[in-house]
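Asker: Next comes the structure file target20.txt, holding compact mmCIF, C-alpha atoms.
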```
# COMPACT_ATOMS: atom_id res chain seq x y z
CA MET A 15 9.11 18.84 -4.17
CA VAL A 16 11.49 17.86 -1.45
CA LEU A 17 11.76 15.05 1.07
CA HIS A 18 12.82 16.36 4.47
CA ILE A 19 14.07 13.49 6.61
CA SER A 20 16.30 13.10 9.65
CA ALA A 21 19.77 11.60 9.24
CA GLN A 22 18.79 9.08 11.91
CA LEU A 23 15.89 7.75 9.83
CA VAL A 24 18.09 7.59 6.75
CA ALA A 25 20.59 5.52 8.74
CA GLN A 26 17.78 3.22 9.91
CA ILE A 27 16.68 2.60 6.32
CA TRP A 28 20.26 1.71 5.39
CA ASP A 29 20.59 -0.59 8.41
CA GLU A 30 17.43 -2.43 7.35
CA ALA A 31 18.47 -2.65 3.69
CA GLU A 32 21.90 -4.04 4.62
CA ALA A 33 20.45 -6.50 7.13
CA VAL A 34 18.01 -7.95 4.59
CA HIS A 35 20.38 -7.91 1.58
CA PRO A 36 20.50 -9.83 -0.80
CA ASP A 37 16.69 -9.81 -0.49
CA GLU A 38 14.88 -6.54 -1.03
CA ALA A 39 14.13 -4.68 2.19
CA CYS A 40 10.93 -2.66 2.57
CA GLY A 41 9.16 -0.50 5.06
CA VAL A 42 7.38 2.70 5.86
CA ILE A 43 8.07 5.89 7.74
CA ALA A 44 4.85 7.22 9.11
CA GLY A 45 4.09 10.80 9.99
CA THR A 46 1.13 12.82 11.17
CA ILE A 47 -1.45 13.28 8.41
CA GLY A 48 -0.73 16.41 6.41
CA SER A 49 2.64 17.08 8.07
CA ASP A 50 4.74 15.64 5.21
CA LEU A 51 7.26 14.84 7.96
CA PRO A 52 8.41 11.23 8.38
CA THR A 53 8.86 10.37 12.06
CA ARG A 54 8.06 6.72 12.88
CA HIS A 55 10.04 3.95 11.17
CA ILE A 56 8.20 0.67 10.64
CA PRO A 57 10.37 -1.97 8.92
CA MET A 58 8.14 -4.50 7.16
CA VAL A 59 8.71 -8.15 6.39
CA ASN A 60 9.18 -8.72 2.68
CA ALA A 61 6.63 -11.51 2.17
CA ALA A 62 8.27 -12.33 -1.17
CA HIS A 63 11.70 -12.93 0.48
CA SER A 64 13.19 -12.15 -2.90
CA PRO A 65 16.15 -10.23 -4.35
CA THR A 66 13.91 -8.95 -7.15
CA PHE A 67 10.52 -8.36 -5.55
CA TYR A 68 8.95 -7.06 -2.37
CA GLU A 69 5.46 -7.14 -0.96
CA PHE A 70 4.09 -6.35 2.47
CA GLU A 71 2.37 -9.37 3.96
CA SER A 72 -1.42 -9.04 3.76
CA ALA A 73 -2.17 -9.19 7.50
CA ASP A 74 0.75 -6.85 8.27
CA LEU A 75 -0.59 -4.39 5.71
CA LEU A 76 -4.01 -4.29 7.34
CA ARG A 77 -2.51 -3.90 10.82
CA LEU A 78 -0.31 -1.07 9.55
CA TYR A 79 -3.20 0.90 8.07
CA ARG A 80 -5.32 0.34 11.21
CA GLU A 81 -2.46 1.83 13.21
CA PHE A 82 -2.32 4.81 10.89
CA ASP A 83 -6.05 5.38 11.46
CA ASP A 84 -5.70 5.08 15.23
CA ARG A 85 -2.73 7.44 15.35
CA ASP A 86 -3.83 9.98 12.69
CA GLU A 87 -0.82 8.98 10.63
CA GLU A 88 -0.16 8.28 6.99
CA PRO A 89 2.71 6.65 5.12
CA VAL A 90 4.94 9.67 4.43
CA VAL A 91 7.78 7.50 3.12
CA ILE A 92 7.46 4.07 1.50
CA TYR A 93 10.91 2.62 0.93
CA HIS A 94 12.50 -0.45 -0.52
CA SER A 95 15.93 -1.55 -1.65
CA HIS A 96 17.19 -2.65 -5.01
CA THR A 97 19.91 -5.19 -4.43
CA SER A 98 21.46 -5.43 -7.89
CA THR A 99 20.15 -2.40 -9.78
CA GLU A 100 20.09 1.35 -9.38
CA ALA A 101 17.89 3.17 -6.88
CA HIS A 102 15.23 4.15 -9.41
CA PRO A 103 11.60 2.94 -9.63
CA SER A 104 11.25 -0.06 -11.91
CA ARG A 105 8.28 -0.64 -14.18
CA THR A 106 6.90 -2.96 -11.52
CA ASP A 107 7.36 -0.32 -8.82
CA ILE A 108 5.48 2.20 -10.93
CA ALA A 109 2.65 -0.21 -11.77
CA TYR A 110 2.01 -0.98 -8.10
CA ALA A 111 2.55 2.46 -6.60
CA ALA A 112 -0.76 3.28 -4.90
CA GLU A 113 0.05 6.17 -2.56
CA PRO A 114 0.18 9.35 -4.62
CA GLY A 115 0.93 11.40 -1.50
CA ALA A 116 3.93 9.34 -0.41
CA HIS A 117 7.62 9.83 -1.00
CA TYR A 118 8.87 6.62 -2.60
CA VAL A 119 12.42 6.15 -1.36
CA LEU A 120 14.75 3.70 -3.07
CA VAL A 121 18.19 2.68 -1.92
CA SER A 122 20.63 0.50 -3.77
CA THR A 123 22.75 -2.10 -2.02
CA ARG A 124 24.37 -3.37 -5.21
CA GLU A 125 28.01 -4.23 -4.81
CA GLU A 126 29.40 -2.15 -7.69
CA ILE A 127 28.89 1.14 -5.86
CA ALA A 128 30.18 2.59 -2.61
CA SER A 129 28.08 1.55 0.37
CA ARG A 130 25.26 3.91 1.33
CA SER A 131 25.84 6.06 -1.76
CA GLU A 132 22.46 5.82 -3.52
CA PHE A 133 19.48 7.07 -1.54
CA ARG A 134 16.86 8.66 -3.78
CA SER A 135 13.27 9.83 -3.42
CA PHE A 136 10.47 9.97 -5.99
CA ARG A 137 6.82 10.81 -6.38
CA ILE A 138 4.84 8.28 -8.38
CA VAL A 139 1.46 9.63 -9.46
CA ASP A 140 -0.68 8.05 -12.17
CA GLY A 141 2.35 6.23 -13.54
CA VAL A 142 4.49 9.37 -13.73
CA VAL A 143 7.77 9.33 -11.80
CA THR A 144 9.31 12.57 -10.56
CA GLU A 145 12.58 12.55 -8.65
CA GLU A 146 12.84 15.01 -5.79
CA GLU A 147 15.56 16.43 -3.64
CA VAL A 148 16.38 14.78 -0.28
CA VAL A 149 17.19 17.26 2.48
CA LEU A 150 18.55 16.01 5.79
CA ILE A 151 17.15 17.71 8.86
CA MET B 12 -29.75 -11.29 10.53
CA SER B 13 -27.22 -13.48 8.79
CA ASN B 14 -27.42 -14.69 5.21
CA SER B 15 -30.08 -12.16 4.31
CA ASP B 16 -30.42 -11.52 0.59
CA ASN B 17 -29.11 -8.02 0.96
CA SER B 18 -26.72 -7.54 3.81
CA LYS B 19 -25.80 -3.97 4.64
CA VAL B 20 -22.08 -3.48 5.02
CA GLU B 21 -19.55 -0.70 5.42
CA VAL B 22 -16.58 -0.35 3.11
CA ARG B 23 -13.34 1.48 3.89
CA ILE B 24 -11.92 3.12 0.80
CA PRO B 25 -8.16 3.69 0.41
CA THR B 26 -6.85 7.14 -0.46
CA ILE B 27 -6.14 6.30 -4.08
CA LEU B 28 -9.75 5.24 -4.74
CA ARG B 29 -11.42 8.12 -2.90
CA PRO B 30 -11.81 10.13 -6.11
CA TYR B 31 -14.52 7.57 -6.93
CA THR B 32 -16.38 8.20 -3.67
CA GLY B 33 -16.25 11.98 -3.65
CA GLY B 34 -13.46 11.80 -1.08
CA ALA B 35 -15.38 9.59 1.36
CA LYS B 36 -13.27 7.21 3.42
CA LEU B 37 -16.20 5.06 4.52
CA VAL B 38 -19.19 4.20 2.34
CA SER B 39 -22.22 1.94 2.74
CA ALA B 40 -23.14 -0.80 0.33
CA GLN B 41 -25.31 -3.87 0.21
CA GLY B 42 -25.36 -7.30 -1.32
CA SER B 43 -25.55 -10.95 -0.54
CA THR B 44 -21.96 -11.73 -1.49
CA LEU B 45 -18.78 -9.71 -1.78
CA ARG B 46 -19.20 -9.77 -5.55
CA ASP B 47 -22.70 -8.27 -5.16
CA VAL B 48 -21.35 -5.57 -2.87
CA ILE B 49 -18.73 -4.61 -5.46
CA SER B 50 -21.50 -4.33 -8.08
CA ASP B 51 -23.52 -2.19 -5.71
CA LEU B 52 -20.49 0.01 -5.02
CA ASP B 53 -19.94 0.43 -8.74
CA ALA B 54 -23.57 1.46 -9.23
CA SER B 55 -23.06 4.34 -6.79
CA HIS B 56 -19.41 5.04 -7.60
CA THR B 57 -18.92 4.33 -11.28
CA GLY B 58 -15.56 2.85 -12.18
CA LEU B 59 -14.71 1.43 -8.78
CA ALA B 60 -15.31 -2.21 -9.78
CA GLU B 61 -12.86 -1.88 -12.65
CA ARG B 62 -10.17 -0.88 -10.15
CA LEU B 63 -10.85 -3.95 -8.01
CA LEU B 64 -11.60 -6.67 -10.55
CA ASP B 65 -10.01 -7.94 -13.71
CA GLY B 66 -12.16 -10.26 -15.78
CA GLY B 67 -14.39 -10.91 -12.79
CA ALA B 68 -11.51 -11.90 -10.50
CA LEU B 69 -9.95 -9.87 -7.73
CA ARG B 70 -6.89 -8.02 -9.03
CA ARG B 71 -3.63 -9.49 -7.82
CA PHE B 72 -2.51 -6.31 -6.11
CA ILE B 73 -5.76 -5.40 -4.40
CA ASN B 74 -6.30 -6.76 -0.92
CA LEU B 75 -9.87 -7.10 0.34
CA TYR B 76 -10.61 -7.86 3.96
CA VAL B 77 -13.91 -8.77 5.60
CA ASN B 78 -13.82 -8.19 9.34
CA ASP B 79 -10.02 -8.11 9.17
CA GLU B 80 -9.69 -11.42 7.30
CA ASP B 81 -8.12 -11.45 3.84
CA VAL B 82 -10.92 -12.71 1.61
CA ARG B 83 -8.49 -14.82 -0.40
CA PHE B 84 -8.43 -17.17 2.57
CA ILE B 85 -12.14 -17.18 3.45
CA GLY B 86 -14.11 -17.68 0.25
CA GLY B 87 -13.07 -14.90 -2.10
CA LEU B 88 -15.68 -12.91 -3.98
CA ASP B 89 -18.38 -15.51 -3.33
CA LEU B 90 -18.14 -15.00 0.40
CA VAL B 91 -21.64 -14.56 1.85
CA LEU B 92 -21.87 -11.41 3.93
CA LYS B 93 -23.82 -10.56 7.06
CA ASP B 94 -25.41 -7.31 8.11
CA GLY B 95 -22.81 -5.09 9.69
CA ASP B 96 -19.78 -6.73 8.10
CA SER B 97 -16.87 -4.38 7.68
CA ILE B 98 -14.98 -4.48 4.41
CA THR B 99 -11.57 -2.89 3.90
CA ILE B 100 -9.93 -2.32 0.53
CA LEU B 101 -6.16 -1.87 0.54
CA PRO B 102 -3.86 -1.80 -2.46
CA ALA B 103 -0.83 -3.99 -1.90
CA VAL B 104 2.44 -2.26 -1.14
CA ALA B 105 4.70 -4.07 -3.57
CA GLY B 106 7.24 -3.70 -6.32
CA GLY B 107 10.47 -5.08 -7.60
CA CYS B 108 13.54 -4.29 -9.60
```
Please go through the file and, once you have read it, give me the structure as structure tokens.
Answerer:
Amino acid sequence: MVLHISAQLVAQIWDEAEAVHPDEACGVIAGTIGSDLPTRHIPMVNAAHSPTFYEFESADLLRLYREFDDRDEEPVVIYHSHTSTEAHPSRTDIAYAAEPGAHYVLVSTREEIASRSEFRSFRIVDGVVTEEEVVLI
Amino acid sequence: MSNSDNSKVEVRIPTILRPYTGGAKLVSAQGSTLRDVISDLDASHTGLAERLLDGGALRRFINLYVNDEDVRFIGGLDLVLKDGDSITILPAVAGGC
């Protein structure tokens, strides 16, 4: 499995993660259903406003999924940042992951590493995490 | 129409729960309250209630909406439904380090 994503979208995810740091940033990149191609970046408010937790706000979540329906889209990428730990799904991330078809992207904005150096993508299906290659297009 | 004993409603099912509905995105159900509707759903789609409720309460990371309102703010599972109400189930998008 591979995530194909444009360098521009990768840069947008980093911009969002750095803007929201030290809180966790979160968002979605939508794409046409079945395309597996992320095209439309939708940064989401982290309702938890927390450095250790993120959650889409309830009304925003509903609006987002209505938009997907209207536009024949699905969440191809669901991303969030870890602000003091590595870019790997935590136990909490795994417990809440509810989109088996999505690429779960994690970036780390922790200070011990070079900026924009950890951008990783995973599948999370039935509690099983599988890292995948990220290919820039 | 309103407050009938058995309101007929439509329920939108998220991708992750569609294995319970044979892949259907939209299913019909009936009941007087949201709790009744979940029981009715479970009767037709065994196991669905367990994914929504924990000890009779709505799971923390399941969002339920009736006519686009989050039920946590409008009466929860005891909310009385009307014919034609539209229910949406969405798992929260959440996590943390």
Asker: Output the contact residues of chain B with respect to chain A at a cut-off of 6 Å, based on only C-alpha atoms, as a PDB file with C-alpha atoms, in the frame of the given file.
Answerer:
```
ATOM      1  CA  VAL B 104       2.440  -2.260  -1.140  1.00  0.00           C
ATOM      2  CA  ALA B 105       4.700  -4.070  -3.570  1.00  0.00           C
ATOM      3  CA  GLY B 106       7.240  -3.700  -6.320  1.00  0.00           C
ATOM      4  CA  GLY B 107      10.470  -5.080  -7.600  1.00  0.00           C
ATOM      5  CA  CYS B 108      13.540  -4.290  -9.600  1.00  0.00           C
TER       6      CYS B 108
END
```
Asker: Report, in Å to a single decimal, how far apart atom CA of Ser135 of chain A and atom CA of Arg71 of chain B are.
Answerer: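 Interatomic distance, atom CA of Arg71 of chain B to atom CA of Ser135 of chain A: 26.0 Å.
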Asker: Around the point (-23.9, -8.4, -5.5), in the coordinates given by the file, pick out the residues reaching within 12 Å, counting all atoms listed in the file, and return them as a PyMOL selection string.
Answerer: chain B and resi 16-20+40-54+60+88-92
Asker: Save the residues we just selected, C-alpha atoms, as an mmCIF file, in the frame of the given file?
Answerer:
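Output file again07.cif is given in full below:
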```cif
data_model
loop_
_atom_site.group_PDB
_atom_site.id
_atom_site.type_symbol
_atom_site.label_atom_id
_atom_site.label_comp_id
_atom_site.auth_asym_id
_atom_site.auth_seq_id
_atom_site.Cartn_x
_atom_site.Cartn_y
_atom_site.Cartn_z
ATOM 1 C CA ASP B 16 -30.420 -11.520 0.590
ATOM 2 C CA ASN B 17 -29.110 -8.020 0.960
ATOM 3 C CA SER B 18 -26.720 -7.540 3.810
ATOM 4 C CA LYS B 19 -25.800 -3.970 4.640
ATOM 5 C CA VAL B 20 -22.080 -3.480 5.020
ATOM 6 C CA ALA B 40 -23.140 -0.800 0.330
ATOM 7 C CA GLN B 41 -25.310 -3.870 0.210
ATOM 8 C CA GLY B 42 -25.360 -7.300 -1.320
ATOM 9 C CA SER B 43 -25.550 -10.950 -0.540
ATOM 10 C CA THR B 44 -21.960 -11.730 -1.490
ATOM 11 C CA LEU B 45 -18.780 -9.710 -1.780
ATOM 12 C CA ARG B 46 -19.200 -9.770 -5.550
ATOM 13 C CA ASP B 47 -22.700 -8.270 -5.160
ATOM 14 C CA VAL B 48 -21.350 -5.570 -2.870
ATOM 15 C CA ILE B 49 -18.730 -4.610 -5.460
ATOM 16 C CA SER B 50 -21.500 -4.330 -8.080
ATOM 17 C CA ASP B 51 -23.520 -2.190 -5.710
ATOM 18 C CA LEU B 52 -20.490 0.010 -5.020
ATOM 19 C CA ASP B 53 -19.940 0.430 -8.740
ATOM 20 C CA ALA B 54 -23.570 1.460 -9.230
ATOM 21 C CA ALA B 60 -15.310 -2.210 -9.780
ATOM 22 C CA LEU B 88 -15.680 -12.910 -3.980
ATOM 23 C CA ASP B 89 -18.380 -15.510 -3.330
ATOM 24 C CA LEU B 90 -18.140 -15.000 0.400
ATOM 25 C CA VAL B 91 -21.640 -14.560 1.850
ATOM 26 C CA LEU B 92 -21.870 -11.410 3.930
#
```
Asker: Could you list, as an MDAnalysis selection string, every residue within 12 Å of Asp29 of chain A, counting only C-alpha atoms and ignoring same-chain residues fewer than 6 positions away?
Answerer: chainID A and resid 22:23 35 39:41 55 57 95 121 123 129:130
Asker: How many Å lie between atom CA of Asp37 of chain A and atom CA of Ala103 of chain B, rounded to one decimal?
Answerer: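 Separation between atom CA of Asp37 of chain A and atom CA of Ala103 of chain B: 18.5 Å.
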Asker: Quick one, how far is atom CA of Val59 of chain A from atom CA of Ile27 of chain A?
Answerer: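 Computing the Euclidean distance for atom CA of Val59 of chain A and atom CA of Ile27 of chain A yields 13.4 Å.
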Asker: Quick one: everything within 7 Å of segment 45-48 of chain A, counting only C-alpha atoms, minus sequence neighbours fewer than 2 positions away in the same chain. Send it as a list in words.
Answerer: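 Within the cut-off, the hits are Ile43, Asp50, Leu51, Pro52, Thr53, Arg54, Asp86, Glu87, Glu88, Pro89 and Val90 of chain A.
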Asker: If we count all atoms listed in the file, what is near Ala35 of chain B at a cut-off of 9 Å, once residues fewer than 5 positions away on the same chain are taken out, given as number ranges by chain?
Answerer: B: 23-24, 29-30
Asker: With C-alpha atoms retained, export the selected residues as a PDB file, in the coordinates of the input.
Answerer:
```pdb
ATOM      1  CA  ARG B  23     -13.340   1.480   3.890  1.00  0.00           C
ATOM      2  CA  ILE B  24     -11.920   3.120   0.800  1.00  0.00           C
ATOM      3  CA  ARG B  29     -11.420   8.120  -2.900  1.00  0.00           C
ATOM      4  CA  PRO B  30     -11.810  10.130  -6.110  1.00  0.00           C
TER       5      PRO B  30
END
```
Asker: Could you name the residues that touch segment 19-21 of chain A at 7 Å or less, counting all atoms listed in the file, but leaving out those on the same chain fewer than 5 positions away, as a list in words?
Answerer: Pro52, Val149, Leu150 and Ile151 of chain A
Asker: May I have the selected residues written with C-alpha atoms, as a PDB file, keeping the file's coordinate frame?
Answerer:
```pdb
ATOM      1  CA  PRO A  52       8.410  11.230   8.380  1.00  0.00           C
ATOM      2  CA  VAL A 149      17.190  17.260   2.480  1.00  0.00           C
ATOM      3  CA  LEU A 150      18.550  16.010   5.790  1.00  0.00           C
ATOM      4  CA  ILE A 151      17.150  17.710   8.860  1.00  0.00           C
TER       5      ILE A 151
END
```
Asker: Out of B:Leu59, B:Leu64, B:Val82, B:Val77, which residue has the shortest atom-to-atom distance to Ile98 of chain B when counting only C-alpha atoms?
Answerer: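 Nearest to Ile98 of chain B: B:Val77.
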Asker: Under the rule that only C-alpha atoms are counted, which of B:Thr32, B:Asn78, B:Ser55, B:Thr26 is the nearest residue to Ser97 of chain B?
Answerer: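 Closest to Ser97 of chain B of all the choices is B:Asn78.
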Asker: For Leu17 of chain A, list every protein, DNA or RNA residue within 7 Å, evaluated using only C-alpha atoms, and leave out those in the same chain fewer than 4 positions away; present the list as a ChimeraX atom specification.
Answerer: /A:117,146-149
Asker: Which is closer to Tyr118 of chain A than all the others in A:Val91, A:Ile56, A:Val34, A:Val142, using only C-alpha atoms?
Answerer: A:Val91
Asker: Please reconstruct the missing atoms of segment 41-52 of chain B (target: N, CA and C atoms) and return them as a short mmCIF file (atom, residue, chain, number, x, y, z; two decimals), keeping the file's coordinate frame.
Answerer:
```cif
data_model
loop_
_atom_site.label_atom_id
_atom_site.label_comp_id
_atom_site.auth_asym_id
_atom_site.auth_seq_id
_atom_site.Cartn_x
_atom_site.Cartn_y
_atom_site.Cartn_z
N GLN B 41 -24.57 -2.67 -0.17
CA GLN B 41 -25.31 -3.87 0.21
C GLN B 41 -25.19 -4.94 -0.85
N GLY B 42 -25.44 -6.16 -0.41
CA GLY B 42 -25.36 -7.30 -1.32
C GLY B 42 -25.29 -8.58 -0.53
N SER B 43 -25.57 -9.66 -1.21
CA SER B 43 -25.55 -10.95 -0.54
C SER B 43 -24.12 -11.49 -0.43
N THR B 44 -23.36 -11.29 -1.50
CA THR B 44 -21.96 -11.73 -1.49
C THR B 44 -21.04 -10.53 -1.71
N LEU B 45 -19.76 -10.77 -1.54
CA LEU B 45 -18.78 -9.71 -1.78
C LEU B 45 -18.87 -9.21 -3.22
N ARG B 46 -19.07 -10.15 -4.14
CA ARG B 46 -19.20 -9.77 -5.55
C ARG B 46 -20.40 -8.82 -5.74
N ASP B 47 -21.52 -9.14 -5.06
CA ASP B 47 -22.70 -8.27 -5.16
C ASP B 47 -22.40 -6.88 -4.59
N VAL B 48 -21.66 -6.86 -3.50
CA VAL B 48 -21.35 -5.57 -2.87
C VAL B 48 -20.50 -4.72 -3.81
N ILE B 49 -19.57 -5.36 -4.51
CA ILE B 49 -18.73 -4.61 -5.46
C ILE B 49 -19.60 -4.05 -6.59
N SER B 50 -20.58 -4.84 -7.06
CA SER B 50 -21.50 -4.33 -8.08
C SER B 50 -22.29 -3.14 -7.56
N ASP B 51 -22.75 -3.27 -6.32
CA ASP B 51 -23.52 -2.19 -5.71
C ASP B 51 -22.66 -0.93 -5.56
N LEU B 52 -21.41 -1.13 -5.15
CA LEU B 52 -20.49 0.01 -5.02
C LEU B 52 -20.32 0.69 -6.37
#
```
